[in-house]
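As stored in model_18.txt (compact mmCIF, C-alpha atoms):
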# COMPACT_ATOMS: atom_id res chain seq x y z
CA MET A 1355 14.76 13.58 22.08
CA GLU A 1356 15.95 10.75 19.84
CA ASP A 1357 13.48 7.97 19.05
CA ARG A 1358 15.72 5.46 20.76
CA ASP A 1359 15.73 7.48 23.98
CA ILE A 1360 11.97 7.92 23.79
CA LEU A 1361 11.52 4.14 23.52
CA LEU A 1362 13.97 3.44 26.35
CA GLN A 1363 12.37 5.99 28.67
CA PHE A 1364 8.87 4.84 27.83
CA LYS A 1365 9.76 1.36 29.02
CA SER A 1366 11.06 2.63 32.34
CA ASP A 1367 8.50 3.13 35.11
CA ASN A 1368 9.17 6.74 35.96
CA GLY A 1369 10.00 8.06 32.48
CA LYS A 1370 6.85 6.93 30.71
CA SER A 1371 4.87 10.15 30.69
CA ARG A 1372 7.93 12.28 29.90
CA ALA A 1373 8.79 10.02 26.97
CA PHE A 1374 5.23 10.09 25.67
CA SER A 1375 5.14 13.85 25.96
CA ALA A 1376 8.34 14.08 23.92
CA LEU A 1377 6.86 11.72 21.33
CA VAL A 1378 3.68 13.76 20.96
CA GLN A 1379 5.65 16.99 20.68
CA LYS A 1380 7.96 15.48 18.10
CA TYR A 1381 5.38 13.91 15.83
CA GLN A 1382 2.13 15.83 16.31
CA GLN A 1383 2.59 18.30 13.49
CA ARG A 1384 3.83 15.86 10.89
CA MET A 1385 1.03 13.41 11.68
CA TYR A 1386 -1.59 16.14 11.87
CA TRP A 1387 -0.80 17.39 8.37
CA HIS A 1388 -0.67 13.87 7.00
CA ILE A 1389 -4.11 13.14 8.45
CA ARG A 1390 -5.55 16.54 7.60
CA LYS A 1391 -4.73 16.17 3.93
CA MET A 1392 -6.73 12.95 3.92
CA VAL A 1393 -9.76 13.86 6.04
CA ILE A 1394 -9.73 17.57 4.98
CA GLU A 1395 -11.69 18.98 7.92
CA HIS A 1396 -9.83 20.23 10.98
CA GLU A 1397 -12.23 18.75 13.53
CA ASP A 1398 -11.95 15.31 11.95
CA ALA A 1399 -8.17 15.60 11.71
CA ASP A 1400 -8.01 16.56 15.39
CA ASP A 1401 -10.16 13.59 16.39
CA VAL A 1402 -8.11 11.14 14.30
CA LEU A 1403 -4.83 12.62 15.57
CA GLN A 1404 -5.82 12.07 19.18
CA GLU A 1405 -6.90 8.55 18.38
CA VAL A 1406 -3.54 7.90 16.74
CA PHE A 1407 -1.63 8.97 19.84
CA VAL A 1408 -3.94 6.95 22.09
CA LYS A 1409 -3.15 3.88 19.96
CA VAL A 1410 0.56 4.72 20.05
CA TYR A 1411 0.45 4.97 23.84
CA ARG A 1412 -1.40 1.69 24.19
CA ASN A 1413 0.88 -0.22 21.84
CA LEU A 1414 4.28 1.34 22.25
CA ASP A 1415 5.20 -1.46 24.67
CA ASN A 1416 4.60 -3.96 21.89
CA PHE A 1417 6.57 -1.96 19.36
CA ARG A 1418 9.15 -4.44 18.19
CA GLU A 1419 11.49 -1.96 16.61
CA ALA A 1420 11.49 -3.92 13.37
CA SER A 1421 10.64 -0.65 11.69
CA GLN A 1422 11.49 2.91 12.61
CA LEU A 1423 9.27 4.55 15.17
CA TYR A 1424 8.52 7.27 12.65
CA THR A 1425 7.33 4.74 10.05
CA TRP A 1426 5.25 2.93 12.65
CA ILE A 1427 3.43 6.08 13.78
CA TYR A 1428 2.96 7.12 10.17
CA ARG A 1429 1.42 3.73 9.50
CA ILE A 1430 -1.00 4.05 12.39
CA ALA A 1431 -1.95 7.55 11.26
CA THR A 1432 -2.53 6.27 7.72
CA ASN A 1433 -4.70 3.44 8.97
CA GLU A 1434 -6.71 5.69 11.22
CA ALA A 1435 -7.28 8.27 8.49
CA LEU A 1436 -8.46 5.62 6.01
CA THR A 1437 -10.61 3.95 8.66
CA HIS A 1438 -12.16 7.32 9.48
CA LEU A 1439 -13.03 7.93 5.82
CA ASN A 1440 -14.50 4.45 5.48
CA LYS A 1441 -16.61 4.89 8.60
CA LYS A 1442 -17.83 8.21 7.29
CA LYS A 1443 -18.94 6.55 4.07
CA LYS A 1444 -20.65 3.72 5.87
CA ARG A 1445 -22.34 6.03 8.33
CA GLN A 1446 -23.72 8.22 5.59
CA ALA A 1447 -24.18 5.29 3.19
CA LEU A 1448 -22.36 7.25 0.53
CA SER A 1449 -19.88 6.31 -2.15
CA TYR A 1450 -16.41 7.80 -2.05
CA GLU A 1451 -17.38 10.14 -4.88
CA ASP A 1452 -20.22 11.57 -2.77
CA VAL A 1453 -18.18 11.89 0.40
CA ASN A 1454 -15.32 13.43 -1.52
CA GLN A 1455 -17.68 15.82 -3.27
CA GLU A 1456 -18.88 16.91 0.14
CA LEU A 1457 -15.30 17.36 1.29
CA ALA A 1458 -14.57 19.40 -1.83
CA ASN A 1459 -17.49 21.68 -1.02
CA ASN A 1460 -16.21 22.08 2.52
CA LEU A 1461 -12.80 23.05 1.17
CA VAL A 1462 -14.29 26.27 -0.09
CA SER A 1463 -16.43 27.07 2.93
CA SER A 1464 -13.98 26.06 5.68
CA SER A 1465 -12.41 28.87 7.64
CA TYR A 1466 -9.25 26.83 8.13
CA VAL A 1467 -8.33 26.62 4.48
CA SER A 1468 -6.40 29.24 2.58
CA GLY A 1469 -4.73 29.07 -0.79
CA ASP A 1470 -5.36 30.62 -4.14
CA GLU A 1471 -7.47 29.38 -7.02
CA ILE A 1472 -4.94 26.96 -8.51
CA GLN A 1473 -3.99 25.49 -5.12
CA LEU A 1474 -7.63 24.82 -4.28
CA LYS A 1475 -8.18 23.41 -7.74
CA LEU A 1476 -5.43 20.88 -7.07
CA GLN A 1477 -7.08 19.89 -3.78
CA LYS A 1478 -10.39 19.44 -5.57
CA ALA A 1479 -8.70 17.38 -8.26
CA LEU A 1480 -7.23 15.20 -5.52
CA LEU A 1481 -10.68 14.62 -4.10
CA THR A 1482 -11.76 12.99 -7.35
CA LEU A 1483 -9.24 10.19 -6.75
CA PRO A 1484 -9.86 7.02 -4.74
CA ASP A 1485 -8.62 7.49 -1.17
CA LYS A 1486 -5.61 5.23 -1.48
CA GLN A 1487 -4.46 6.91 -4.68
CA ARG A 1488 -4.86 10.29 -2.98
CA LEU A 1489 -2.84 9.02 -0.05
CA VAL A 1490 0.02 7.88 -2.28
CA PHE A 1491 -0.04 11.19 -4.15
CA ASN A 1492 0.04 13.20 -0.91
CA MET A 1493 2.98 11.26 0.45
CA LYS A 1494 4.96 11.48 -2.76
CA TYR A 1495 4.10 14.98 -3.94
CA PHE A 1496 3.57 17.02 -0.79
CA ASP A 1497 5.60 15.09 1.77
CA ASP A 1498 8.43 14.23 -0.65
CA LEU A 1499 8.68 10.71 0.73
CA LYS A 1500 10.62 8.10 -1.22
CA TYR A 1501 8.82 5.14 -2.71
CA ASP A 1502 10.70 2.85 -0.33
CA GLU A 1503 9.41 4.78 2.66
CA ILE A 1504 5.83 4.86 1.35
CA ALA A 1505 6.09 1.12 0.67
CA GLU A 1506 7.13 0.51 4.25
CA ILE A 1507 4.35 2.67 5.67
CA THR A 1508 1.58 1.29 3.50
CA GLY A 1509 2.85 -2.28 3.11
CA THR A 1510 2.53 -1.98 -0.66
CA SER A 1511 5.11 -2.88 -3.28
CA VAL A 1512 7.12 -0.06 -4.86
CA GLY A 1513 5.84 -1.13 -8.28
CA ALA A 1514 2.20 -0.80 -7.26
CA LEU A 1515 2.95 2.60 -5.68
CA LYS A 1516 4.62 3.89 -8.83
CA ALA A 1517 1.66 2.75 -10.91
CA SER A 1518 -0.72 4.36 -8.44
CA TYR A 1519 1.19 7.67 -8.40
CA HIS A 1520 1.48 7.72 -12.16
CA LEU A 1521 -2.27 7.18 -12.53
CA ALA A 1522 -2.97 9.88 -9.97
CA VAL A 1523 -0.75 12.38 -11.80
CA LYS A 1524 -2.51 11.60 -15.09
CA LYS A 1525 -5.97 12.10 -13.60
CA ILE A 1526 -4.99 15.32 -11.86
CA GLU A 1527 -3.47 16.66 -15.06
CA GLN A 1528 -6.67 15.88 -16.86
CA TYR A 1529 -8.74 17.57 -14.18
CA LEU A 1530 -6.57 20.69 -14.12
CA CYS A 1531 -6.78 20.99 -17.90
CA SER A 1532 -10.53 20.49 -18.15
CA HIS A 1533 -11.69 22.65 -15.22
CA MET B 368 41.39 -79.98 -8.83
CA SER B 369 45.05 -80.18 -9.80
CA LYS B 370 44.00 -80.15 -13.41
CA ASP B 371 42.21 -76.85 -12.80
CA LYS B 372 45.26 -75.36 -11.14
CA ASN B 373 47.47 -75.98 -14.10
CA HIS B 374 44.88 -74.66 -16.53
CA LYS B 375 45.57 -71.10 -17.79
CA SER B 376 42.85 -68.95 -19.33
CA PRO B 377 43.74 -67.75 -22.85
CA LEU B 378 42.75 -64.26 -21.74
CA GLU B 379 45.72 -64.11 -19.42
CA ASN B 380 48.03 -63.74 -22.37
CA PRO B 381 49.54 -60.21 -22.02
CA ASN B 382 49.69 -59.76 -25.76
CA LEU B 383 45.92 -59.85 -25.94
CA LYS B 384 45.68 -56.58 -23.98
CA LYS B 385 47.67 -54.59 -26.49
CA SER B 386 45.66 -52.17 -28.63
CA VAL B 387 45.39 -53.24 -32.21
CA PHE B 388 44.27 -49.72 -33.29
CA GLU B 389 46.59 -47.05 -34.57
CA THR B 390 46.32 -43.33 -35.43
CA PRO B 391 47.88 -41.44 -38.27
CA PRO B 392 51.28 -40.05 -37.28
CA GLY B 393 51.09 -36.78 -35.19
CA TYR B 394 47.31 -37.13 -34.73
CA PHE B 395 47.17 -36.03 -31.11
CA ASP B 396 49.55 -33.11 -31.64
CA GLN B 397 47.18 -31.57 -34.15
CA SER B 398 43.85 -32.48 -32.61
CA GLU B 399 43.27 -29.14 -30.81
CA GLY B 400 43.89 -27.11 -33.94
CA ARG B 401 41.54 -29.25 -35.91
CA ILE B 402 38.76 -28.93 -33.37
CA MET B 403 39.06 -25.12 -33.49
CA ASP B 404 38.97 -25.22 -37.27
CA HIS B 405 35.84 -27.27 -37.05
CA ILE B 406 34.15 -24.77 -34.72
CA ARG B 407 35.13 -21.85 -36.93
CA ALA B 408 33.79 -23.66 -39.97
CA GLU B 409 30.46 -24.15 -38.19
CA GLU B 410 30.12 -20.52 -37.18
CA GLY B 411 30.93 -19.53 -40.69
CA GLU B 412 32.18 -16.14 -41.64
CA LEU B 413 30.58 -14.21 -38.77
CA VAL B 414 33.08 -14.76 -36.03
CA SER B 415 36.23 -13.70 -37.67
CA ASN B 416 34.83 -11.10 -40.00
CA GLU B 417 35.37 -7.65 -38.44
CA HIS B 418 33.73 -5.92 -41.36
CA LEU B 419 30.45 -7.66 -40.69
CA LYS B 420 30.61 -6.60 -37.04
CA LYS B 421 30.51 -2.93 -37.91
CA ASN B 422 27.44 -0.97 -36.74
CA ILE B 423 25.59 0.29 -39.77
CA PHE B 424 23.09 2.41 -37.80
CA GLU B 425 23.54 6.10 -37.38
CA THR B 426 21.99 8.88 -35.27
CA PRO B 427 21.18 12.46 -36.24
CA GLU B 428 24.06 14.79 -35.58
CA GLY B 429 24.50 15.79 -31.93
CA TYR B 430 21.89 13.28 -30.83
CA PHE B 431 23.70 12.18 -27.68
CA ASN B 432 24.61 15.73 -26.69
CA GLN B 433 20.94 16.70 -26.52
CA LEU B 434 19.63 13.43 -25.15
CA GLU B 435 19.77 14.36 -21.50
CA SER B 436 17.90 17.62 -21.87
CA ARG B 437 15.32 15.98 -24.10
CA ILE B 438 14.65 13.30 -21.49
CA ALA B 439 14.27 16.00 -18.86
CA ASP B 440 11.80 17.81 -21.14
CA ALA B 441 9.86 14.60 -21.65
CA ILE B 442 9.61 14.06 -17.90
CA ARG B 443 8.44 17.64 -17.40
CA ALA B 444 5.84 17.19 -20.14
CA GLU B 445 4.72 13.94 -18.53
CA GLU B 446 4.24 15.49 -15.10
CA GLY B 447 2.99 18.71 -16.60
CA GLU B 448 2.17 21.52 -14.26
CA LEU B 449 2.72 19.41 -11.19
CA ALA B 450 6.44 18.80 -11.50
CA GLY B 451 8.58 21.11 -9.44
CA ASN B 452 5.72 23.54 -8.95
CA GLU B 453 6.54 24.79 -5.49
CA HIS B 454 3.45 26.99 -5.40
CA LEU B 455 1.18 23.97 -5.85
CA LYS B 456 3.06 22.14 -3.15
CA GLU B 457 2.23 24.78 -0.55
CA ASN B 458 0.04 23.72 2.34
CA VAL B 459 -3.40 25.29 2.02
CA PHE B 460 -4.75 24.01 5.31
CA ARG B 461 -4.73 26.05 8.50
CA VAL B 462 -5.29 25.24 12.16
CA PRO B 463 -6.96 27.30 14.89
CA GLU B 464 -4.49 29.44 16.80
CA GLY B 465 -2.58 27.60 19.51
CA TYR B 466 -3.92 24.27 18.34
CA PHE B 467 -0.68 22.33 18.65
CA THR B 468 -0.08 23.43 22.22
CA SER B 469 -3.30 21.72 23.26
CA VAL B 470 -2.92 18.34 21.55
CA GLU B 471 -0.91 16.62 24.25
CA GLU B 472 -3.27 17.70 26.99
CA ARG B 473 -6.29 16.42 25.11
CA VAL B 474 -4.63 13.12 24.21
CA ASN B 475 -3.85 12.61 27.88
CA ALA B 476 -7.43 13.47 28.80
CA ARG B 477 -8.66 10.87 26.32
CA LEU B 478 -6.24 8.31 27.73
CA GLY B 479 -7.49 9.12 31.23
CA GLU B 480 -11.12 8.73 30.19
CA GLU B 481 -10.43 5.32 28.78
CA THR B 482 -8.64 4.03 31.84
CA THR B 483 -11.28 5.30 34.24
CA THR B 484 -14.14 3.81 32.24
CA LYS B 485 -14.96 0.61 34.08
CA VAL B 486 -14.96 -2.46 31.89
CA ILE B 487 -18.28 -4.24 32.34
CA PRO B 488 -18.19 -7.92 31.42
CA LEU B 489 -20.39 -8.83 28.48
CA TYR B 490 -22.79 -10.99 30.49
CA GLN B 491 -23.43 -8.16 32.93
CA ARG B 492 -24.36 -5.59 30.31
CA ASN B 493 -28.02 -4.71 30.08
CA TRP B 494 -28.27 -4.83 26.31
CA PHE B 495 -26.71 -8.28 26.39
CA LYS B 496 -29.26 -9.51 28.91
CA VAL B 497 -32.10 -8.11 26.83
CA ALA B 498 -30.68 -9.67 23.68
CA VAL B 499 -30.36 -13.09 25.30
CA ALA B 500 -33.92 -12.88 26.62
CA ALA B 501 -35.21 -11.86 23.21
CA MET B 502 -33.36 -14.69 21.54
CA LEU B 503 -34.84 -17.16 23.99
CA VAL B 504 -38.37 -15.91 23.33
CA VAL B 505 -37.87 -16.01 19.56
CA GLY B 506 -36.27 -19.44 19.84
CA VAL B 507 -39.17 -20.88 21.82
CA PHE B 508 -41.60 -19.32 19.38
CA LEU B 509 -39.77 -20.81 16.37
CA PHE B 510 -39.55 -24.30 17.74
CA LEU B 511 -43.12 -24.60 18.98
CA PRO B 512 -44.53 -27.43 16.85
CA SER B 513 -47.84 -25.67 16.21
CA THR B 514 -46.19 -22.50 14.88
CA PRO B 515 -45.22 -22.50 11.19
CA PRO B 516 -41.58 -21.45 10.59
CA VAL B 517 -41.11 -17.78 9.80
CA GLU B 518 -39.21 -18.57 6.61
CA ALA B 519 -42.30 -20.12 5.11
CA GLU B 520 -43.81 -16.67 4.71
CA ILE B 521 -41.25 -15.81 2.06
CA SER B 522 -41.69 -18.09 -0.91
CA GLU B 523 -38.73 -19.38 -2.83
CA ASP B 524 -40.02 -17.63 -5.94
CA LEU B 525 -40.15 -14.32 -4.17
CA MET B 526 -36.64 -14.75 -2.92
CA LEU B 527 -35.33 -15.66 -6.38
CA GLN B 528 -37.19 -12.73 -7.89
CA TYR B 529 -35.50 -10.41 -5.41
CA LEU B 530 -32.08 -11.80 -6.20
CA TYR B 531 -32.62 -11.48 -9.97
CA GLU B 532 -33.81 -7.90 -9.59
CA GLU B 533 -30.79 -7.09 -7.53
CA GLN B 534 -28.51 -8.59 -10.17
CA ASP B 535 -30.31 -6.78 -13.00
CA ALA B 536 -29.93 -3.49 -11.21
CA THR B 537 -26.19 -4.04 -10.89
CA TYR B 538 -25.84 -4.92 -14.55
CA GLU B 539 -27.93 -1.95 -15.56
CA LEU B 540 -25.81 0.35 -13.46
CA MET B 541 -22.65 -1.02 -15.01
CA ALA B 542 -24.03 -0.80 -18.55
CA MET B 543 -25.19 2.78 -18.01
CA SER B 544 -21.81 3.95 -16.94
CA GLU B 545 -19.77 5.62 -19.63
CA ASP B 546 -16.65 5.20 -17.61
CA PHE B 547 -16.89 1.49 -17.42
CA ASP B 548 -13.22 1.03 -18.24
CA GLU B 549 -12.28 3.47 -15.57
CA ILE B 550 -14.36 1.61 -13.00
CA LEU B 551 -12.62 -1.60 -13.98
CA ASP B 552 -9.25 0.13 -13.79
CA ASN B 553 -10.03 1.36 -10.35
CA ILE B 554 -11.20 -2.04 -9.17
CA LEU B 555 -8.04 -3.57 -10.59
CA LEU B 556 -5.84 -0.94 -9.04
CA ASP B 557 -7.60 -1.28 -5.75
CA GLU B 558 -6.98 -4.98 -5.82
CA THR B 559 -3.37 -4.80 -6.89
CA SER B 560 -2.40 -1.98 -4.61
CA VAL B 561 -4.34 -3.06 -1.57
CA PHE B 562 -2.45 -1.97 1.47
CA ASP B 563 -1.36 -5.10 3.15
CA PHE B 564 -2.28 -4.54 6.73
CA GLY B 565 -1.79 -8.23 7.33
CA THR B 566 -0.22 -9.37 10.54
CA GLU B 567 2.85 -10.94 9.02
CA ALA B 568 4.23 -7.76 7.53
CA ASN B 569 3.21 -5.55 10.44
CA LEU B 570 3.77 -7.44 13.60
CA GLU B 571 3.34 -4.36 15.74
CA LEU B 572 -0.17 -3.79 14.48
CA GLU B 573 -1.55 -7.20 15.29
CA TYR B 574 -3.72 -5.62 17.91
CA ASP B 575 -6.10 -3.91 15.57
CA PHE B 576 -8.32 -5.92 13.35
CA GLU B 577 -10.69 -3.20 12.33
CA TYR B 578 -8.39 -2.41 9.41
CA PHE B 579 -9.27 -5.68 7.78
CA GLU B 580 -12.79 -4.37 7.26
CA GLN B 581 -11.66 -2.44 4.24
Represent the structure of the file as structure tokens.
Amino acid sequence: MEDRDILLQFKSDNGKSRAFSALVQKYQQRMYWHIRKMVIEHEDADDVLQEVFVKVYRNLDNFREASQLYTWIYRIATNEALTHLNKKKKRQALSYEDVNQELANNLVSSSYVSGDEIQLKLQKALLTLPDKQRLVFNMKYFDDLKYDEIAEITGTSVGALKASYHLAVKKIEQYLCSH
Amino acid sequence: MSKDKNHKSPLENPNLKKSVFETPPGYFDQSEGRIMDHIRAEEGELVSNEHLKKNIFETPEGYFNQLESRIADAIRAEEGELAGNEHLKENVFRVPEGYFTSVEERVNARLGEETTTKVIPLYQRNWFKVAVAAMLVVGVFLFLPSTPPVEAEISEDLMLQYLYEEQDATYELMAMSEDFDEILDNILLDETSVFDFGTEANLELEYDFEYFEQ
């Protein structure tokens, strides 16, 4: 179903649940992988994903269509993933390095992670970056999003994103060469 | 009056209005040419001299033919292993079998839970009642004239000492770090690339203020 039809149906009394079902089906995988790459563990990704759709359901009526539905959901998912990581740090009173180190350890032990040595090395390198830099890298490198799109989702200027991505690439290169 | 009427001002003489100044013959016909000459004279030799305009710089042979591929090489070198490495781009994460078929159901369950949870007004909540009672007790205790204020137990010196120690520890931590520049870079980057979750840019997200925490 097209986004426009989803929005129209959601606003009608009898089409609400059908429209929401179509929305979840359409976006669940893309959002899941976006979140998963940030929070790393499946259980956390699942929890955040559900929260994202709950927020979408609650606020879709207020969606003003100034941006694309896709960008809007992406933005909520990004917010929720970052909020989740922040809460985790606060709860455990850990710095991002510590939390990310823990996530890196879980990468190896998790049963829901595959990939060969070099692929895992890249994921570990990513976990040495600050969350927002990691986020920008994920969106640019893995999701092949354009800077314009990332700018719209994150509310950051294209210039700042380019600088962030460039810095991330440099650090990852360094990590890959020295480990 | 009549005397005034007959009086004529000397300025009314039409001859007085005639210009007494003259130009050399053909002056205005030549003026444009002379202005251009003047401009050329000011700019000197540069403007008209085609020889001086010639580019004296040269490039190695075939420079422009190879430029494109050399730029591509430079970009590859810059991005190193990462660029165009499809293997690295592969998704390493997996989900339990059948996971995606269950998402919708569980989201709906969560939505259902939230709507069936009765909203209890703040003043009716037990913890709120207890908190108010506690505050009242503490308040009465504090304002009893015979009781010394609690703050008095912590001397100003002690408080200052604590603050100085705290500051010293921060400085020490910063001085100890070998990657001080990197920390600064990160702080700077964090500040310049802060995701603007402000309300103006994202009208649809006005509802959620927890994002401002970060």
ask   = Which is closest to chain A among B:Arg477, B:His374, B:Lys385, B:Lys421, if we use only C-alpha atoms?
value =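 Ranking B:Arg477, B:His374, B:Lys385, B:Lys421 by distance to chain A, first place goes to B:Arg477.
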Contacts of chain A with chain B up to 7 Å, shortest pair per row, all atoms listed in the file, as JSON lines:
{"residue": "A:Ser1375", "atom": "CA", "partner": "B:Glu471", "partner_atom": "CA", "distance": 6.9}
{"residue": "A:Val1378", "atom": "CA", "partner": "B:Glu471", "partner_atom": "CA", "distance": 6.3}
{"residue": "A:His1396", "atom": "CA", "partner": "B:Val462", "partner_atom": "CA", "distance": 6.9}
{"residue": "A:Gln1404", "atom": "CA", "partner": "B:Val474", "partner_atom": "CA", "distance": 5.3}
{"residue": "A:Phe1407", "atom": "CA", "partner": "B:Val474", "partner_atom": "CA", "distance": 6.7}
{"residue": "A:Val1408", "atom": "CA", "partner": "B:Leu478", "partner_atom": "CA", "distance": 6.2}
{"residue": "A:Asn1416", "atom": "CA", "partner": "B:Glu571", "partner_atom": "CA", "distance": 6.3}
{"residue": "A:Phe1417", "atom": "CA", "partner": "B:Glu571", "partner_atom": "CA", "distance": 5.4}
{"residue": "A:Arg1418", "atom": "CA", "partner": "B:Glu571", "partner_atom": "CA", "distance": 6.3}
{"residue": "A:Asn1433", "atom": "CA", "partner": "B:Tyr578", "partner_atom": "CA", "distance": 6.9}
{"residue": "A:Thr1437", "atom": "CA", "partner": "B:Tyr578", "partner_atom": "CA", "distance": 6.8}
{"residue": "A:Tyr1466", "atom": "CA", "partner": "B:Arg461", "partner_atom": "CA", "distance": 4.6}
{"residue": "A:Val1467", "atom": "CA", "partner": "B:Phe460", "partner_atom": "CA", "distance": 4.5}
{"residue": "A:Ser1468", "atom": "CA", "partner": "B:Val459", "partner_atom": "CA", "distance": 5.0}
{"residue": "A:Gly1469", "atom": "CA", "partner": "B:Val459", "partner_atom": "CA", "distance": 4.9}
{"residue": "A:Gln1473", "atom": "CA", "partner": "B:Leu455", "partner_atom": "CA", "distance": 5.4}
{"residue": "A:Phe1496", "atom": "CA", "partner": "B:Lys456", "partner_atom": "CA", "distance": 5.7}
{"residue": "A:Thr1508", "atom": "CA", "partner": "B:Phe562", "partner_atom": "CA", "distance": 5.6}
{"residue": "A:Gly1509", "atom": "CA", "partner": "B:Asp563", "partner_atom": "CA", "distance": 5.1}
{"residue": "A:Thr1510", "atom": "CA", "partner": "B:Phe562", "partner_atom": "CA", "distance": 5.4}
{"residue": "A:Ala1514", "atom": "CA", "partner": "B:Ser560", "partner_atom": "CA", "distance": 5.4}
{"residue": "A:Val1523", "atom": "CA", "partner": "B:Glu446", "partner_atom": "CA", "distance": 6.7}
{"residue": "A:Glu1527", "atom": "CA", "partner": "B:Gly447", "partner_atom": "CA", "distance": 7.0}
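Distance-wise, atom CA of Glu532 of chain B and atom CA of Asn1454 of chain A end up 29.4 Å apart.
You will find atom CA of Gly1369 of chain A at 26.6 Å from atom CA of Gly465 of chain B.
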Closest of A:Glu1506, A:Glu1451, A:Asp1415, A:Asp1470 to Ile1360 of chain A - atom-to-atom distances counting only C-alpha atoms =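 The shortest atom-to-atom distance to Ile1360 of chain A comes from A:Asp1415.
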message = Could you tell me how far atom CA of His1388 of chain A sits from atom CA of Leu1457 of chain A, in Å to one decimal place?
response =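 It comes out at 16.1 Å.
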key: Which residue of A:Gln1477, A:Gln1363, A:Gln1382, A:Ser1518 approaches Val1462 of chain A most closely, using all atoms listed in the file   =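 Counting all atoms listed in the file, the residue closest to Val1462 of chain A is A:Gln1477.
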